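K.L.:
Attaching a single structure in structure tokens format; questions to follow.
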Amino acid sequence: MEIMILCSLISTFLLCCPLTGAMALAIDSLPKQFLIFGGNGMIGSATVERLLKAAKEHDHIAVVNRGNWYWDTGFTIKPFVRHIQCDRSVRLESCKDLSDFVAKAPYIDAVVDFSAYSPHSIAEALDLLEGKAKLYVYISSDSVYEVCNKNHTDLSKEEDAVRPPSETEREKLSGSDDYGNRKLKCEETLRLYRKEKNGPPFISLRLPDVVGPRDNTHRWWIYQLWMKLEEFLEKPVSVPSSFSDKKLSLVFVNDVADMIVTLLENTPADSLDEAFNLAIAEKPTLLDLLTKMKERLNLTKSDIIVDKKSEAIRLYPSVYKGAVDISKAKKILNWEPTEWSVVVDKTVKFYESAIKDVYFSDQRNTVIQTIQTHFTSKPYNVVRGLRSVYGLSFAEPKDEL
């Protein structure tokens with residue numbers, strides 16, 4: 001009887017006054033399950049690096065991609081995650097390792113999707129997960145506004161992502177920007193599953209052109225090398241006149257990665273089932289961007305030309321409907337982007353270092369070949385420039401016998 005009374009008292013005490021020691025430790029030690037689609041590209045690798053730093057010993061991070069490890073991710077990420085090789089252009093159900101991972105996981109704390117470019121990819125992932133995911137973070141694009149009924153010239157807000165009521169107009173816009181159309185369809189599929197098929201809560205992050213280290217589009221690095229080698233090339237650094245004073249949105253890769261990890265650790269309730277524009281606060285023009293880049297490179301010899309030719313080279317921006325409004329992200333997500341001048345400084349330093357980094361030889365060679373192909377009719381002048389400016393040595397060309 002005394003034992004029963006004692007047990008009852010202990011139970012009552014635990015209910016009223018839960019322990020903060022062992023009980024909290026047990027909760028904190030529960031392994032978290034993260035499923036990352038992509039994780040080897042620019043934003044994905046930066047995000048996984050941060051997840052690895054924040055992860056506890058028994059947390060599980062599964063990275064699903066085709067097995068291409070870009071830049072230095074083959075040794076900074078691959079050895080520390082569960083890599084599931086899978087091509088999303090093939091049916092997901094044929095990826096046995098992925099099916100096994102999902103089947104064995106009692107739940108998945110968060111899915112972060114960097115690699116869905118069609119609604120079919122989203123639908124397949126959600127069908128495979130079968131309600132196990134607690135959160136789905138989808139990396140979308142400001143290109144969605146290109147296929148929508150935006151009827152003003154102000155900054156694009158999240159609520160502008162509404163397709164025209166006319167089917168003819170929808171088809172016209174979708175045909176002019178297939179990428180934006182497919183990214184918006186992915187968002188629409190997430191919303192459909194959430195509403196009608198018990199899909200997980202989701203957050204869509206709409207990103208403008210992303211700048212920073214490890215960019216697989218190489219756009220920033222091409223501009224930077226164009227500036228450094230300008231005296232060895234036939235094309236002076238220029239911007240098209242139609243974009244010389246057009247404000248554009250950019251976002252820093254590190255800010256995006258930090259934001260994603262923050263959302264996984266502490267998701268605001270009012271962020272669920274919502275889309276957010278993420279961008280730096282400043283809205284430079286392309287001319288501003290290149291001018292700031294040139295300042296950081298300490299180049300003063302020549303001015304950047306405003307080119308009126310229709311074939312003038314332009315690598316930014318990738319959209320035509322202008323910059324985006326970030327007030328919603330600031331209010332709900334506490335979005336605090338890095339200052340533009342710091343973004344430029346860090347990005348310039350990375351690519352100035354990358355030109356000599358042995359781990360980045362593939363990316364360096366791609367950028368050099370681009371410069372040789374599109375900026376001069378004398379490719380060997382680029383080799384001379386690289387030797388003169390960076391001290392890089394290449395084999396001398398030999399005459400044919």
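Starting from 1 in every chain, residues are counted up; chains themselves are A, B, ... following the order of the structure tokens, and ligands are numbered from 1 as listed.
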Using backbone DSSP assignments, extract all strand (DSSP E) residues from range 236-387 of chain A; output them as a ChimeraX atom specification.

P.N.:
/A:238-240,250-252,274-277,305-307

K.L.:
Mind writing the picked residues with N, CA, C and O atoms as a PDB file, in the first residue's frame?

P.N.:
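part18.pdb, written as the output of this step:
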```pdb
ATOM      1  N   SER A 238      31.363  45.836 -70.415  1.00  0.00           N
ATOM      2  CA  SER A 238      30.217  46.665 -70.785  1.00  0.00           C
ATOM      3  C   SER A 238      28.929  46.128 -70.175  1.00  0.00           C
ATOM      4  O   SER A 238      28.860  44.989 -69.697  1.00  0.00           O
ATOM      5  N   VAL A 239      27.899  46.971 -70.203  1.00  0.00           N
ATOM      6  CA  VAL A 239      26.542  46.556 -69.844  1.00  0.00           C
ATOM      7  C   VAL A 239      25.618  47.031 -70.967  1.00  0.00           C
ATOM      8  O   VAL A 239      25.852  48.079 -71.572  1.00  0.00           O
ATOM      9  N   PRO A 240      24.565  46.269 -71.251  1.00  0.00           N
ATOM     10  CA  PRO A 240      23.614  46.722 -72.273  1.00  0.00           C
ATOM     11  C   PRO A 240      22.903  47.990 -71.796  1.00  0.00           C
ATOM     12  O   PRO A 240      22.567  48.118 -70.618  1.00  0.00           O
ATOM     13  N   LEU A 250      19.285  40.665 -55.943  1.00  0.00           N
ATOM     14  CA  LEU A 250      20.245  39.579 -55.811  1.00  0.00           C
ATOM     15  C   LEU A 250      20.127  39.043 -54.396  1.00  0.00           C
ATOM     16  O   LEU A 250      19.622  39.732 -53.501  1.00  0.00           O
ATOM     17  N   VAL A 251      20.601  37.830 -54.190  1.00  0.00           N
ATOM     18  CA  VAL A 251      20.617  37.293 -52.832  1.00  0.00           C
ATOM     19  C   VAL A 251      21.939  36.570 -52.605  1.00  0.00           C
ATOM     20  O   VAL A 251      22.482  35.946 -53.520  1.00  0.00           O
ATOM     21  N   PHE A 252      22.470  36.682 -51.388  1.00  0.00           N
ATOM     22  CA  PHE A 252      23.760  36.099 -51.030  1.00  0.00           C
ATOM     23  C   PHE A 252      23.545  34.656 -50.591  1.00  0.00           C
ATOM     24  O   PHE A 252      22.705  34.366 -49.737  1.00  0.00           O
ATOM     25  N   GLU A 274       3.376  29.235 -46.889  1.00  0.00           N
ATOM     26  CA  GLU A 274       3.570  30.578 -47.435  1.00  0.00           C
ATOM     27  C   GLU A 274       4.793  30.612 -48.341  1.00  0.00           C
ATOM     28  O   GLU A 274       5.685  29.760 -48.248  1.00  0.00           O
ATOM     29  N   ALA A 275       4.835  31.618 -49.198  1.00  0.00           N
ATOM     30  CA  ALA A 275       5.995  31.878 -50.047  1.00  0.00           C
ATOM     31  C   ALA A 275       6.655  33.176 -49.593  1.00  0.00           C
ATOM     32  O   ALA A 275       5.971  34.097 -49.128  1.00  0.00           O
ATOM     33  N   PHE A 276       7.996  33.232 -49.723  1.00  0.00           N
ATOM     34  CA  PHE A 276       8.738  34.403 -49.282  1.00  0.00           C
ATOM     35  C   PHE A 276       9.804  34.778 -50.306  1.00  0.00           C
ATOM     36  O   PHE A 276      10.547  33.914 -50.789  1.00  0.00           O
ATOM     37  N   ASN A 277       9.865  36.071 -50.625  1.00  0.00           N
ATOM     38  CA  ASN A 277      10.979  36.592 -51.412  1.00  0.00           C
ATOM     39  C   ASN A 277      12.171  36.809 -50.477  1.00  0.00           C
ATOM     40  O   ASN A 277      12.024  37.419 -49.410  1.00  0.00           O
ATOM     41  N   ILE A 305      31.648  50.380 -70.104  1.00  0.00           N
ATOM     42  CA  ILE A 305      30.936  50.977 -71.235  1.00  0.00           C
ATOM     43  C   ILE A 305      29.444  50.603 -71.200  1.00  0.00           C
ATOM     44  O   ILE A 305      29.089  49.475 -70.863  1.00  0.00           O
ATOM     45  N   VAL A 306      28.605  51.554 -71.528  1.00  0.00           N
ATOM     46  CA  VAL A 306      27.182  51.285 -71.730  1.00  0.00           C
ATOM     47  C   VAL A 306      27.001  51.003 -73.216  1.00  0.00           C
ATOM     48  O   VAL A 306      27.155  51.887 -74.061  1.00  0.00           O
ATOM     49  N   ASP A 307      26.683  49.762 -73.541  1.00  0.00           N
ATOM     50  CA  ASP A 307      26.662  49.276 -74.917  1.00  0.00           C
ATOM     51  C   ASP A 307      25.236  49.314 -75.466  1.00  0.00           C
ATOM     52  O   ASP A 307      24.320  48.731 -74.887  1.00  0.00           O
TER      53      ASP A 307
END
```

K.L.:
Excluding same-chain residues fewer than 6 positions from range 118-129 of chain A, what lies within 7 Å of it counting only C-alpha atoms, as a list in words?

P.N.:
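Once the nearby chain positions are removed, what remains is Arg88, Leu92, Val102, Arg182, Lys183, Lys185, Cys186, Thr189 and Gly199 of chain A.
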
K.L.:
Taking the chain letters and numbering used in this document, name the residues of range 71-281 of chain A that DSSP puts in alpha helix (DSSP H), as an MDAnalysis selection string.

P.N.:
chainID A and resid 73:76 96:104 119:129 167:176 178:196 219:228 253:265

K.L.:
Keeping only C-alpha atoms, write the selected residues as a CSV table (one decimal), in the first residue's frame.

P.N.:
```csv
chain,number,residue,atom,x,y,z
A,73,THR,CA,31.8,19.1,-52.0
A,74,GLY,CA,33.3,15.6,-52.7
A,75,PHE,CA,35.2,15.9,-49.4
A,76,THR,CA,33.4,18.7,-47.5
A,96,LYS,CA,15.6,1.6,-53.9
A,97,ASP,CA,18.0,3.3,-51.4
A,98,LEU,CA,15.7,6.3,-51.2
A,99,SER,CA,12.6,4.1,-50.8
A,100,ASP,CA,14.4,2.1,-48.1
A,101,PHE,CA,15.4,5.3,-46.2
A,102,VAL,CA,11.9,6.7,-46.2
A,103,ALA,CA,10.4,3.3,-45.3
A,104,LYS,CA,12.6,2.9,-42.3
A,119,PRO,CA,5.5,19.5,-60.6
A,120,HIS,CA,6.0,15.8,-61.3
A,121,SER,CA,9.1,15.8,-59.2
A,122,ILE,CA,7.3,17.3,-56.3
A,123,ALA,CA,4.3,15.0,-56.6
A,124,GLU,CA,6.6,11.9,-56.7
A,125,ALA,CA,8.5,13.1,-53.6
A,126,LEU,CA,5.2,13.7,-51.7
A,127,ASP,CA,3.8,10.4,-52.7
A,128,LEU,CA,6.9,8.6,-51.6
A,129,LEU,CA,6.9,10.4,-48.2
A,167,GLU,CA,-5.9,30.6,-70.8
A,168,THR,CA,-4.5,32.2,-73.9
A,169,GLU,CA,-2.5,34.6,-71.8
A,170,ARG,CA,-1.3,31.9,-69.5
A,171,GLU,CA,0.0,29.8,-72.4
A,172,LYS,CA,1.7,32.9,-73.8
A,173,LEU,CA,3.5,33.7,-70.6
A,174,SER,CA,4.4,30.1,-69.8
A,175,GLY,CA,5.8,29.8,-73.3
A,176,SER,CA,8.0,32.8,-72.8
A,178,ASP,CA,9.3,27.8,-69.2
A,179,TYR,CA,11.5,27.8,-66.1
A,180,GLY,CA,9.3,30.3,-64.2
A,181,ASN,CA,6.2,28.3,-65.3
A,182,ARG,CA,7.7,25.0,-64.0
A,183,LYS,CA,8.8,26.5,-60.7
A,184,LEU,CA,5.4,28.0,-60.1
A,185,LYS,CA,3.8,24.7,-60.9
A,186,CYS,CA,6.0,23.1,-58.2
A,187,GLU,CA,4.6,25.6,-55.7
A,188,GLU,CA,1.1,24.9,-56.9
A,189,THR,CA,1.6,21.2,-56.5
A,190,LEU,CA,2.8,21.6,-52.9
A,191,ARG,CA,-0.4,23.7,-52.2
A,192,LEU,CA,-2.6,21.1,-53.9
A,193,TYR,CA,-1.2,18.3,-51.8
A,194,ARG,CA,-1.5,20.3,-48.6
A,195,LYS,CA,-5.1,21.1,-49.3
A,196,GLU,CA,-6.4,17.8,-50.8
A,219,ARG,CA,28.3,34.4,-64.0
A,220,TRP,CA,30.1,36.4,-61.4
A,221,TRP,CA,33.4,34.8,-62.0
A,222,ILE,CA,33.1,35.4,-65.8
A,223,TYR,CA,32.5,39.1,-65.1
A,224,GLN,CA,35.4,39.2,-62.7
A,225,LEU,CA,37.8,37.5,-65.0
A,226,TRP,CA,36.7,39.7,-67.9
A,227,MET,CA,37.7,42.7,-65.8
A,228,LYS,CA,41.0,41.3,-64.7
A,253,VAL,CA,24.1,32.3,-50.9
A,254,ASN,CA,25.3,32.4,-47.2
A,255,ASP,CA,22.2,34.3,-46.2
A,256,VAL,CA,19.9,31.8,-47.9
A,257,ALA,CA,21.7,28.8,-46.3
A,258,ASP,CA,21.5,30.5,-42.8
A,259,MET,CA,17.8,31.1,-43.3
A,260,ILE,CA,17.0,27.6,-44.3
A,261,VAL,CA,18.8,26.1,-41.2
A,262,THR,CA,17.1,28.7,-39.0
A,263,LEU,CA,13.7,27.6,-40.4
A,264,LEU,CA,14.5,23.9,-39.7
A,265,GLU,CA,15.5,24.7,-36.1
```

K.L.:
Please report the interatomic distance between CA of Asp59 in chain A and CA of Lys32 in chain A in Å with one decimal.

P.N.:
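The value is 4.7 Å.
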
K.L.:
Can you tell me which residues surround range 355-358 of chain A at a distance of at most 10 Å, considering only C-alpha atoms, apart from same-chain residues fewer than 6 positions away, and format the answer as a VMD selection string?

P.N.:
chain A and resid 72 221 225 364 to 365 367 to 368 386 390 to 392

K.L.:
With distances taken over only C-alpha atoms, which of A:Ser242, A:Thr153, A:Ser271, A:Asn68 is nearest to Ile203 in chain A?

P.N.:
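Under the stated criterion, the closest residue is A:Ser271.
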
K.L.:
Quick check, in Å to one decimal: how far apart do CA of Asp160 in chain A and CA of Ser327 in chain A lie?

P.N.:
13.9 Å

K.L.:
To one decimal place, how far is CA of Pro268 in chain A from CA of Glu158 in chain A in Å?

P.N.:
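We find that CA of Pro268 in chain A and CA of Glu158 in chain A lie 17.6 Å from each other.
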
K.L.:
Excluding His83 in chain A and its own-chain neighbours fewer than 3 positions away, which residues fall within 7 Å of it when counting only C-alpha atoms? Please give them as a VMD selection string.

P.N.:
chain A and resid 62 to 64 78

K.L.:
So that I have them on file, write out the residues from the current selection with all heavy atoms, as a compact mmCIF listing (two decimals), in the first residue's frame.

P.N.:
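The result, written out as part_14.txt:
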```txt
# COMPACT_ATOMS: atom_id res chain seq x y z
N ALA A 62 20.32 12.78 -45.07
CA ALA A 62 20.37 12.04 -46.33
C ALA A 62 20.33 13.04 -47.48
O ALA A 62 19.47 13.91 -47.53
CB ALA A 62 19.20 11.07 -46.43
N VAL A 63 21.28 12.91 -48.39
CA VAL A 63 21.40 13.81 -49.53
C VAL A 63 21.14 13.01 -50.81
O VAL A 63 21.83 12.02 -51.08
CB VAL A 63 22.80 14.46 -49.57
CG1 VAL A 63 22.97 15.28 -50.84
CG2 VAL A 63 23.00 15.35 -48.34
N VAL A 64 20.14 13.45 -51.57
CA VAL A 64 19.72 12.73 -52.78
C VAL A 64 20.12 13.53 -54.01
O VAL A 64 19.64 14.64 -54.22
CB VAL A 64 18.19 12.51 -52.78
CG1 VAL A 64 17.77 11.69 -54.01
CG2 VAL A 64 17.73 11.84 -51.49
N LYS A 78 30.22 14.96 -48.96
CA LYS A 78 29.94 13.55 -49.27
C LYS A 78 30.30 12.58 -48.15
O LYS A 78 29.50 11.69 -47.82
CB LYS A 78 30.64 13.16 -50.57
CG LYS A 78 30.30 11.74 -51.02
CD LYS A 78 31.05 11.38 -52.30
CE LYS A 78 30.73 9.95 -52.72
NZ LYS A 78 31.49 9.56 -53.93
```
